[in-house]
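J.: input12.cif is reproduced below (mmCIF, C-alpha atoms).
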```cif
data_structure
#
loop_
_atom_site.group_PDB
_atom_site.id
_atom_site.type_symbol
_atom_site.label_atom_id
_atom_site.label_comp_id
_atom_site.auth_asym_id
_atom_site.auth_seq_id
_atom_site.Cartn_x
_atom_site.Cartn_y
_atom_site.Cartn_z
ATOM 1 C CA MET Y 41 0.000 0.000 0.000
ATOM 2 C CA LYS Y 42 0.887 3.614 -0.424
ATOM 3 C CA ALA Y 43 1.634 6.207 2.223
ATOM 4 C CA LYS Y 44 1.424 9.876 1.425
ATOM 5 C CA VAL Y 45 3.239 12.133 3.874
ATOM 6 C CA HIS Y 46 2.916 15.904 4.046
ATOM 7 C CA VAL Y 47 5.610 17.684 6.050
ATOM 8 C CA THR Y 48 4.897 21.320 6.893
ATOM 9 C CA LEU Y 49 6.449 23.949 9.112
ATOM 10 C CA LYS Y 50 4.783 24.287 12.496
ATOM 11 C CA ASN Y 51 2.555 27.243 13.188
ATOM 12 C CA GLY Y 52 4.643 30.058 14.559
ATOM 13 C CA VAL Y 53 7.769 29.008 12.672
ATOM 14 C CA LEU Y 54 8.611 31.709 10.127
ATOM 15 C CA ASP Y 55 8.618 30.446 6.537
ATOM 16 C CA PRO Y 56 10.777 32.848 4.482
ATOM 17 C CA GLN Y 57 10.333 30.767 1.316
ATOM 18 C CA GLY Y 58 6.564 30.861 1.640
ATOM 19 C CA LYS Y 59 6.787 34.639 2.110
ATOM 20 C CA ALA Y 60 8.871 34.992 -1.061
ATOM 21 C CA VAL Y 61 6.366 32.899 -3.021
ATOM 22 C CA GLN Y 62 3.525 35.060 -1.679
ATOM 23 C CA HIS Y 63 5.335 38.225 -2.852
ATOM 24 C CA ALA Y 64 5.962 36.687 -6.264
ATOM 25 C CA LEU Y 65 2.296 35.774 -6.620
ATOM 26 C CA GLY Y 66 1.385 39.347 -5.742
ATOM 27 C CA ALA Y 67 3.831 40.639 -8.347
ATOM 28 C CA LEU Y 68 2.138 38.421 -10.955
ATOM 29 C CA GLY Y 69 -1.186 40.033 -10.130
ATOM 30 C CA PHE Y 70 -2.658 37.272 -7.965
ATOM 31 C CA GLY Y 71 -4.288 39.346 -5.246
ATOM 32 C CA GLY Y 72 -5.898 38.159 -2.046
ATOM 33 C CA VAL Y 73 -3.276 35.574 -1.069
ATOM 34 C CA ASP Y 74 -3.041 36.165 2.675
ATOM 35 C CA GLU Y 75 -0.345 33.630 3.402
ATOM 36 C CA VAL Y 76 1.751 30.943 1.703
ATOM 37 C CA ARG Y 77 3.309 28.063 3.625
ATOM 38 C CA GLN Y 78 5.649 25.756 1.774
ATOM 39 C CA GLY Y 79 6.203 22.110 2.682
ATOM 40 C CA LYS Y 80 7.237 18.702 1.374
ATOM 41 C CA TYR Y 81 5.257 15.812 -0.022
ATOM 42 C CA ILE Y 82 6.736 12.319 0.270
ATOM 43 C CA GLU Y 83 5.237 9.180 -1.266
ATOM 44 C CA LEU Y 84 6.149 5.728 0.018
ATOM 45 C CA ASP Y 85 5.363 2.335 -1.496
ATOM 46 C CA LEU Y 86 5.035 -0.156 1.339
ATOM 47 C CA ALA Y 87 5.040 -3.946 1.426
ATOM 48 C CA GLU Y 88 2.741 -3.825 4.463
ATOM 49 C CA THR Y 89 -0.894 -4.744 3.745
ATOM 50 C CA ASP Y 90 -2.495 -3.755 7.046
ATOM 51 C CA ALA Y 91 -3.410 -0.047 7.103
ATOM 52 C CA ASP Y 92 -2.996 0.434 10.863
ATOM 53 C CA ALA Y 93 0.389 -1.263 10.896
ATOM 54 C CA ALA Y 94 1.461 0.783 7.890
ATOM 55 C CA ARG Y 95 0.444 4.034 9.577
ATOM 56 C CA GLU Y 96 2.316 3.139 12.729
ATOM 57 C CA HIS Y 97 5.387 2.244 10.718
ATOM 58 C CA VAL Y 98 5.316 5.517 8.743
ATOM 59 C CA GLU Y 99 4.765 7.478 11.935
ATOM 60 C CA GLN Y 100 8.061 6.117 13.252
ATOM 61 C CA MET Y 101 9.737 7.028 9.966
ATOM 62 C CA CYS Y 102 8.452 10.596 10.338
ATOM 63 C CA GLU Y 103 9.646 10.863 13.936
ATOM 64 C CA LYS Y 104 13.081 9.436 13.126
ATOM 65 C CA LEU Y 105 13.873 10.957 9.743
ATOM 66 C CA LEU Y 106 11.188 12.320 7.431
ATOM 67 C CA ALA Y 107 10.293 15.303 9.637
ATOM 68 C CA ASN Y 108 12.294 17.401 12.074
ATOM 69 C CA THR Y 109 9.716 17.713 14.817
ATOM 70 C CA VAL Y 110 11.504 20.737 16.301
ATOM 71 C CA ILE Y 111 10.187 22.813 13.404
ATOM 72 C CA GLU Y 112 7.892 20.569 11.367
ATOM 73 C CA ASP Y 113 4.529 18.793 11.629
ATOM 74 C CA TYR Y 114 3.569 15.819 9.487
ATOM 75 C CA GLU Y 115 0.351 14.278 8.202
ATOM 76 C CA ILE Y 116 0.076 10.699 7.006
ATOM 77 C CA GLU Y 117 -2.454 9.367 4.542
ATOM 78 C CA ILE Y 118 -2.598 5.629 3.857
ATOM 79 C CA ALA Y 119 -4.068 4.495 0.543
ATOM 80 C CA ASN Y 120 -4.750 0.962 -0.664
ATOM 81 C CA THR Y 121 -3.594 1.434 -4.226
ATOM 82 C CA MET F 207 45.860 16.713 21.320
ATOM 83 C CA LYS F 208 44.550 13.806 19.271
ATOM 84 C CA SER F 209 41.646 14.734 17.054
ATOM 85 C CA ALA F 210 39.313 13.221 14.476
ATOM 86 C CA VAL F 211 37.500 14.900 11.588
ATOM 87 C CA ILE F 212 34.403 13.159 10.216
ATOM 88 C CA VAL F 213 34.193 13.049 6.428
ATOM 89 C CA PHE F 214 30.770 12.758 4.794
ATOM 90 C CA PRO F 215 30.118 12.681 1.069
ATOM 91 C CA ALA F 216 30.087 16.411 0.126
ATOM 92 C CA SER F 217 31.858 17.626 3.241
ATOM 93 C CA ASN F 218 33.997 20.499 1.971
ATOM 94 C CA CYS F 219 35.616 22.006 5.076
ATOM 95 C CA ASP F 220 37.098 18.740 6.325
ATOM 96 C CA ARG F 221 40.476 19.651 4.819
ATOM 97 C CA ASP F 222 40.408 23.139 6.339
ATOM 98 C CA ALA F 223 39.750 21.579 9.738
ATOM 99 C CA GLN F 224 42.522 19.047 9.133
ATOM 100 C CA VAL F 225 45.040 21.797 8.279
ATOM 101 C CA ALA F 226 43.998 23.935 11.274
ATOM 102 C CA LEU F 227 44.305 21.009 13.697
ATOM 103 C CA ARG F 228 47.614 19.820 12.249
ATOM 104 C CA ASP F 229 49.065 23.328 12.241
ATOM 105 C CA ILE F 230 47.994 24.270 15.749
ATOM 106 C CA SER F 231 48.265 20.969 17.644
ATOM 107 C CA GLY F 232 51.269 19.581 15.767
ATOM 108 C CA THR F 233 49.486 16.230 15.587
ATOM 109 C CA GLU F 234 47.952 14.792 12.445
ATOM 110 C CA PRO F 235 44.179 14.443 12.883
ATOM 111 C CA VAL F 236 42.494 11.169 11.935
ATOM 112 C CA MET F 237 40.066 11.524 9.043
ATOM 113 C CA VAL F 238 37.092 9.247 9.797
ATOM 114 C CA TRP F 239 34.829 8.168 6.927
ATOM 115 C CA HIS F 240 31.092 8.394 7.588
ATOM 116 C CA ARG F 241 30.570 4.667 6.989
ATOM 117 C CA ASP F 242 33.083 3.692 9.645
ATOM 118 C CA THR F 243 31.545 2.563 12.896
ATOM 119 C CA GLU F 244 34.566 2.762 15.171
ATOM 120 C CA MET F 245 35.756 6.121 16.435
ATOM 121 C CA PRO F 246 39.469 6.205 17.290
ATOM 122 C CA ASP F 247 40.419 7.257 20.799
ATOM 123 C CA VAL F 248 40.715 11.045 20.443
ATOM 124 C CA ASP F 249 40.517 14.175 22.597
ATOM 125 C CA LEU F 250 38.389 16.122 20.099
ATOM 126 C CA ILE F 251 35.915 15.233 17.351
ATOM 127 C CA VAL F 252 35.192 17.767 14.594
ATOM 128 C CA VAL F 253 32.035 17.534 12.470
ATOM 129 C CA PRO F 254 33.022 19.759 9.544
ATOM 130 C CA GLY F 255 31.207 22.108 7.201
ATOM 131 C CA GLY F 256 29.932 21.288 3.761
ATOM 132 C CA PHE F 257 26.788 19.970 2.138
ATOM 133 C CA SER F 258 26.731 16.393 3.385
ATOM 134 C CA TYR F 259 24.550 14.176 1.189
ATOM 135 C CA GLY F 260 23.707 17.214 -0.928
ATOM 136 C CA ASP F 261 21.502 18.609 1.865
ATOM 137 C CA TYR F 262 18.875 16.023 0.839
ATOM 138 C CA LEU F 263 15.655 16.149 2.874
ATOM 139 C CA ARG F 264 17.080 18.789 5.284
ATOM 140 C CA SER F 265 20.594 20.117 5.876
ATOM 141 C CA GLY F 266 22.403 17.571 8.038
ATOM 142 C CA ALA F 267 19.463 15.144 8.181
ATOM 143 C CA MET F 268 21.064 12.269 6.294
ATOM 144 C CA ALA F 269 24.491 12.730 7.872
ATOM 145 C CA ALA F 270 22.915 12.581 11.330
ATOM 146 C CA ARG F 271 21.766 9.017 10.526
ATOM 147 C CA SER F 272 25.035 7.791 9.014
ATOM 148 C CA PRO F 273 26.893 4.842 10.624
ATOM 149 C CA ILE F 274 29.654 6.854 12.365
ATOM 150 C CA ILE F 275 27.201 9.123 14.186
ATOM 151 C CA LYS F 276 26.279 6.543 16.821
ATOM 152 C CA SER F 277 29.826 6.562 18.127
ATOM 153 C CA VAL F 278 29.994 10.380 17.905
ATOM 154 C CA VAL F 279 26.887 10.585 20.100
ATOM 155 C CA ALA F 280 28.268 7.966 22.504
ATOM 156 C CA ARG F 281 31.582 9.842 22.845
ATOM 157 C CA ALA F 282 29.801 13.172 23.255
ATOM 158 C CA ASN F 283 27.684 11.679 26.037
ATOM 159 C CA ALA F 284 30.875 10.355 27.633
ATOM 160 C CA GLY F 285 32.262 13.912 27.747
ATOM 161 C CA VAL F 286 34.549 14.005 24.694
ATOM 162 C CA PRO F 287 34.529 17.513 23.153
ATOM 163 C CA VAL F 288 32.675 17.644 19.830
ATOM 164 C CA LEU F 289 32.913 20.716 17.592
ATOM 165 C CA GLY F 290 30.304 21.088 14.839
ATOM 166 C CA ILE F 291 31.000 23.825 12.319
ATOM 167 C CA CYS F 292 28.368 25.036 9.828
ATOM 168 C CA ASN F 293 26.983 21.795 8.332
ATOM 169 C CA GLY F 294 28.430 20.145 11.442
ATOM 170 C CA PHE F 295 26.154 22.357 13.585
ATOM 171 C CA GLN F 296 23.185 21.306 11.420
ATOM 172 C CA VAL F 297 24.170 17.654 11.864
ATOM 173 C CA LEU F 298 24.465 18.018 15.660
ATOM 174 C CA THR F 299 20.980 19.556 15.943
ATOM 175 C CA GLU F 300 19.598 16.739 13.777
ATOM 176 C CA THR F 301 21.149 14.143 16.108
ATOM 177 C CA GLY F 302 19.550 15.849 19.108
ATOM 178 C CA LEU F 303 22.926 16.538 20.768
ATOM 179 C CA LEU F 304 22.075 20.242 20.470
ATOM 180 C CA PRO F 305 18.604 21.804 20.706
ATOM 181 C CA GLY F 306 16.855 23.768 17.955
ATOM 182 C CA ALA F 307 17.190 23.680 14.191
ATOM 183 C CA LEU F 308 18.870 25.648 11.394
ATOM 184 C CA MET F 309 16.435 26.940 8.830
ATOM 185 C CA ARG F 310 16.744 28.710 5.480
ATOM 186 C CA ASN F 311 18.363 32.160 5.867
ATOM 187 C CA ALA F 312 15.701 34.831 6.406
ATOM 188 C CA GLY F 313 16.995 36.711 3.327
ATOM 189 C CA LEU F 314 16.759 33.440 1.318
ATOM 190 C CA LYS F 315 20.238 34.004 -0.119
ATOM 191 C CA PHE F 316 23.428 32.058 0.459
ATOM 192 C CA VAL F 317 25.605 34.389 2.563
ATOM 193 C CA CYS F 318 29.388 34.200 2.253
ATOM 194 C CA ARG F 319 31.295 36.920 4.093
ATOM 195 C CA ASP F 320 33.080 37.767 7.313
ATOM 196 C CA VAL F 321 30.894 38.603 10.308
ATOM 197 C CA TRP F 322 31.570 39.960 13.780
ATOM 198 C CA LEU F 323 30.922 37.576 16.622
ATOM 199 C CA LYS F 324 30.655 38.297 20.296
ATOM 200 C CA VAL F 325 32.036 35.645 22.622
ATOM 201 C CA GLU F 326 29.384 35.527 25.332
ATOM 202 C CA ASP F 327 30.405 36.415 28.882
ATOM 203 C CA ALA F 328 28.611 33.565 30.576
ATOM 204 C CA VAL F 329 29.955 30.671 28.601
ATOM 205 C CA GLU F 330 32.912 28.677 29.919
ATOM 206 C CA THR F 331 33.964 25.835 27.644
ATOM 207 C CA PRO F 332 37.183 24.481 26.131
ATOM 208 C CA PHE F 333 36.020 25.954 22.806
ATOM 209 C CA THR F 334 35.951 29.520 24.121
ATOM 210 C CA ALA F 335 38.941 29.247 26.479
ATOM 211 C CA GLY F 336 41.168 30.975 23.921
ATOM 212 C CA TYR F 337 38.977 34.091 23.901
ATOM 213 C CA ASN F 338 38.242 36.717 26.517
ATOM 214 C CA PRO F 339 34.648 36.929 27.722
ATOM 215 C CA GLY F 340 32.846 39.577 25.679
ATOM 216 C CA GLN F 341 35.597 39.650 23.037
ATOM 217 C CA VAL F 342 34.509 40.556 19.495
ATOM 218 C CA VAL F 343 36.112 38.489 16.734
ATOM 219 C CA ARG F 344 35.873 38.391 12.956
ATOM 220 C CA ILE F 345 35.059 34.979 11.475
ATOM 221 C CA PRO F 346 33.697 34.034 8.027
ATOM 222 C CA ILE F 347 30.308 32.501 7.352
ATOM 223 C CA ALA F 348 29.218 30.629 4.213
ATOM 224 C CA HIS F 349 25.772 29.098 4.423
ATOM 225 C CA HIS F 350 22.224 28.976 3.102
ATOM 226 C CA ASP F 351 20.616 27.394 6.156
ATOM 227 C CA GLY F 352 22.018 29.177 9.191
ATOM 228 C CA ASN F 353 18.875 30.720 10.610
ATOM 229 C CA TYR F 354 18.879 29.342 14.159
ATOM 230 C CA PHE F 355 15.430 28.500 15.467
ATOM 231 C CA ALA F 356 14.288 27.207 18.839
ATOM 232 C CA ASP F 357 11.104 27.895 20.780
ATOM 233 C CA ASP F 358 11.070 30.613 23.451
ATOM 234 C CA ASP F 359 11.383 28.179 26.365
ATOM 235 C CA THR F 360 14.469 26.583 24.827
ATOM 236 C CA LEU F 361 16.017 29.985 24.078
ATOM 237 C CA ASP F 362 15.362 31.170 27.638
ATOM 238 C CA ARG F 363 16.933 28.009 29.003
ATOM 239 C CA LEU F 364 20.010 28.370 26.759
ATOM 240 C CA GLU F 365 20.488 31.933 27.986
ATOM 241 C CA ASP F 366 19.796 31.160 31.655
ATOM 242 C CA GLU F 367 22.276 28.296 31.605
ATOM 243 C CA GLY F 368 24.956 30.355 29.826
ATOM 244 C CA ARG F 369 24.910 28.099 26.803
ATOM 245 C CA VAL F 370 24.945 30.716 24.040
ATOM 246 C CA ALA F 371 28.601 30.739 22.989
ATOM 247 C CA PHE F 372 28.555 33.279 20.130
ATOM 248 C CA ARG F 373 26.189 35.941 18.828
ATOM 249 C CA TYR F 374 26.326 37.918 15.577
ATOM 250 C CA CYS F 375 27.105 41.547 16.407
ATOM 251 C CA GLU F 376 28.397 44.871 15.119
ATOM 252 C CA ALA F 377 32.146 45.595 15.234
ATOM 253 C CA ASP F 378 31.653 47.256 18.630
ATOM 254 C CA GLY F 379 29.877 44.211 20.030
ATOM 255 C CA SER F 380 26.368 45.677 19.984
ATOM 256 C CA LEU F 381 23.507 43.536 18.719
ATOM 257 C CA SER F 382 21.410 44.699 15.771
ATOM 258 C CA ASP F 383 19.228 43.218 13.060
ATOM 259 C CA THR F 384 21.626 44.470 10.389
ATOM 260 C CA ALA F 385 24.492 42.530 11.985
ATOM 261 C CA ASN F 386 22.411 39.341 11.998
ATOM 262 C CA PRO F 387 23.178 37.772 8.597
ATOM 263 C CA ASN F 388 20.515 35.055 8.554
ATOM 264 C CA GLY F 389 17.641 35.928 10.892
ATOM 265 C CA SER F 390 18.809 33.683 13.738
ATOM 266 C CA ARG F 391 16.671 34.043 16.832
ATOM 267 C CA ARG F 392 18.301 36.244 19.474
ATOM 268 C CA HIS F 393 21.314 36.656 17.112
ATOM 269 C CA ILE F 394 22.585 33.190 18.033
ATOM 270 C CA ALA F 395 25.622 31.976 16.051
ATOM 271 C CA GLY F 396 26.752 29.145 18.327
ATOM 272 C CA ILE F 397 25.527 27.145 21.332
ATOM 273 C CA VAL F 398 26.788 24.401 23.611
ATOM 274 C CA ASN F 399 25.041 21.388 25.123
ATOM 275 C CA GLU F 400 24.174 21.134 28.819
ATOM 276 C CA ALA F 401 27.527 19.613 29.786
ATOM 277 C CA GLY F 402 29.444 22.198 27.734
ATOM 278 C CA ASN F 403 31.421 19.630 25.723
ATOM 279 C CA VAL F 404 29.466 19.904 22.459
ATOM 280 C CA LEU F 405 29.594 23.173 20.500
ATOM 281 C CA GLY F 406 27.720 23.949 17.299
ATOM 282 C CA MET F 407 28.399 27.155 15.376
ATOM 283 C CA MET F 408 27.624 28.406 11.868
ATOM 284 C CA PRO F 409 30.787 30.557 11.394
ATOM 285 C CA HIS F 410 34.058 28.946 10.288
ATOM 286 C CA PRO F 411 36.963 29.484 12.731
ATOM 287 C CA GLU F 412 39.028 26.872 10.839
ATOM 288 C CA ARG F 413 39.067 29.136 7.780
ATOM 289 C CA LEU F 414 40.807 32.009 9.552
ATOM 290 C CA ILE F 415 43.855 30.644 11.338
ATOM 291 C CA ASP F 416 46.631 32.456 9.514
ATOM 292 C CA GLY F 417 47.264 36.082 8.567
ATOM 293 C CA ALA F 418 48.006 34.912 5.017
ATOM 294 C CA LEU F 419 44.325 33.910 4.786
ATOM 295 C CA GLY F 420 43.139 37.369 5.774
ATOM 296 C CA GLY F 421 42.988 36.987 9.524
ATOM 297 C CA SER F 422 43.643 34.684 12.415
ATOM 298 C CA ASP F 423 40.721 35.209 14.798
ATOM 299 C CA GLY F 424 39.749 31.556 14.411
ATOM 300 C CA ARG F 425 43.122 30.373 15.658
ATOM 301 C CA ALA F 426 42.386 31.138 19.313
ATOM 302 C CA MET F 427 39.602 28.553 19.351
ATOM 303 C CA PHE F 428 41.995 25.745 18.478
ATOM 304 C CA GLU F 429 44.735 27.125 20.715
ATOM 305 C CA GLY F 430 42.245 27.269 23.595
ATOM 306 C CA LEU F 431 41.222 23.666 22.931
ATOM 307 C CA LEU F 432 44.840 22.564 22.817
ATOM 308 C CA ARG F 433 45.578 24.290 26.118
ATOM 309 C CA THR F 434 42.457 22.987 27.862
ATOM 310 C CA LEU F 435 42.610 19.421 26.596
ATOM 311 C CA HIS F 436 46.262 19.009 27.473
#
```
Before we go any further, please render this structure as structure tokens.
T.:
Amino acid sequence: MKAKVHVTLKNGVLDPQGKAVQHALGALGFGGVDEVRQGKYIELDLAETDADAAREHVEQMCEKLLANTVIEDYEIEIANT
Amino acid sequence: MKSAVIVFPASNCDRDAQVALRDISGTEPVMVWHRDTEMPDVDLIVVPGGFSYGDYLRSGAMAARSPIIKSVVARANAGVPVLGICNGFQVLTETGLLPGALMRNAGLKFVCRDVWLKVEDAVETPFTAGYNPGQVVRIPIAHHDGNYFADDDTLDRLEDEGRVAFRYCEADGSLSDTANPNGSRRHIAGIVNEAGNVLGMMPHPERLIDGALGGSDGRAMFEGLLRTLH
């Protein structure tokens, strides 16, 4: 099964890249963008077939490597395909 | 003083550290490959600057999980001095030996120039023994991800415990936003762990050890280490 992991900066952590993207959007004429936060998307193909076990496994991967929990949050989505 | 320098793929200040240590201690440092698992018996371990593993995932993230790191952490916990410079600082935060994280520079640009650093009054470590408390020194920086971040509680604790080793400052030692090259919280350029034997800093003292290189303010760090560790 597949795991989709979104890693984003925690609330309160300044995101200078997101700010730059927001400015660039404004310069291109896209108004009304109040904030941009940039993150990472990671896709994993897993041998595991049990969704709960897969989630637990990926959670450990996030804690140990995929995210730096000092500055980042992560969200895990498990899909059967 | 016996020393070791860790070499990761894409380390690029390992040789500078090697030359500085050889020149100042008179002893050839051991270069330790990242896939080694045994750390030789040394008085000082240097985690050098560079772009280990191409900064994949996050700066220092992959290096912090490489085989040699387990023995670096074990030695650090046993009290052996560990000096992390630039990418080495990023690696040490990723291992958890030092608190906080180093984020993209606030100005988003890679910054490569000399900066003024204030050696903090409170800190007493072998790394700062060669400097006077409050001394202002000129040391180069060269990084894209040097923006030190930690939450307020952690920052308060670092300050209360005298664990901020260096801050970016003006030439007269005063703190200002213009003297802060990367947006680091509270102008922090270097910190030590609780026991004071692990130092992480973004600036490069190993690059300024000889007048022929444009200055020698970095030399005192290694001389202080040599004096303290022997």
J.: Would you kindly return, as a VMD selection string, each protein, DNA or RNA residue with an atom no farther than 12 Å from any atom of region 84-94 of chain Y, considering all atoms listed in the file and excluding same-chain residues fewer than 3 positions away?
T.: chain Y and resid 41 to 46 81 97 to 102 106 116 to 121
J.: Counting all atoms listed in the file, which residues from chain Y have an atom at most 12 Å from any atom of chain F, and could you show them as a PyMOL selection string?
T.: chain Y and resi 47+49-61+79-82+102-112
J.: So which residues get picked by the PyMOL selection byres ((chain Y and resi 75) around 8) here, written as an MDAnalysis selection string?
T.: chainID Y and resid 58:59 62 73:74 76:77
J.: For CA of Ser217 (chain F) and CA of Phe295 (chain F), quote the distance in Å rounded to one decimal.
T.: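 CA of Ser217 (chain F) sits 12.7 Å away from CA of Phe295 (chain F).
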J.: What does the distance between CA of Met408 (chain F) and CA of Glu234 (chain F) come to in Å, to one decimal place?
T.: 24.5 Å
J.: List as a ChimeraX atom specification the protein and nucleic acid residues near Phe257 (chain F), meaning an atom at most 7 Å away when all atoms listed in the file are counted, but skip any in the same chain fewer than 4 places from it.
T.: /F:216-217,261,293
J.: Can you tell me how far CA of Gly256 (chain F) sits from CA of Ala377 (chain F), in Å to one decimal?
T.: 27.0 Å
J.: For Met207 (chain F), which residue out of F:Gly421, F:Gly368, F:Gly340, F:Pro287 is the nearest one, using only C-alpha atoms?
T.: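 Selected residue with least distance to Met207 (chain F): F:Pro287.
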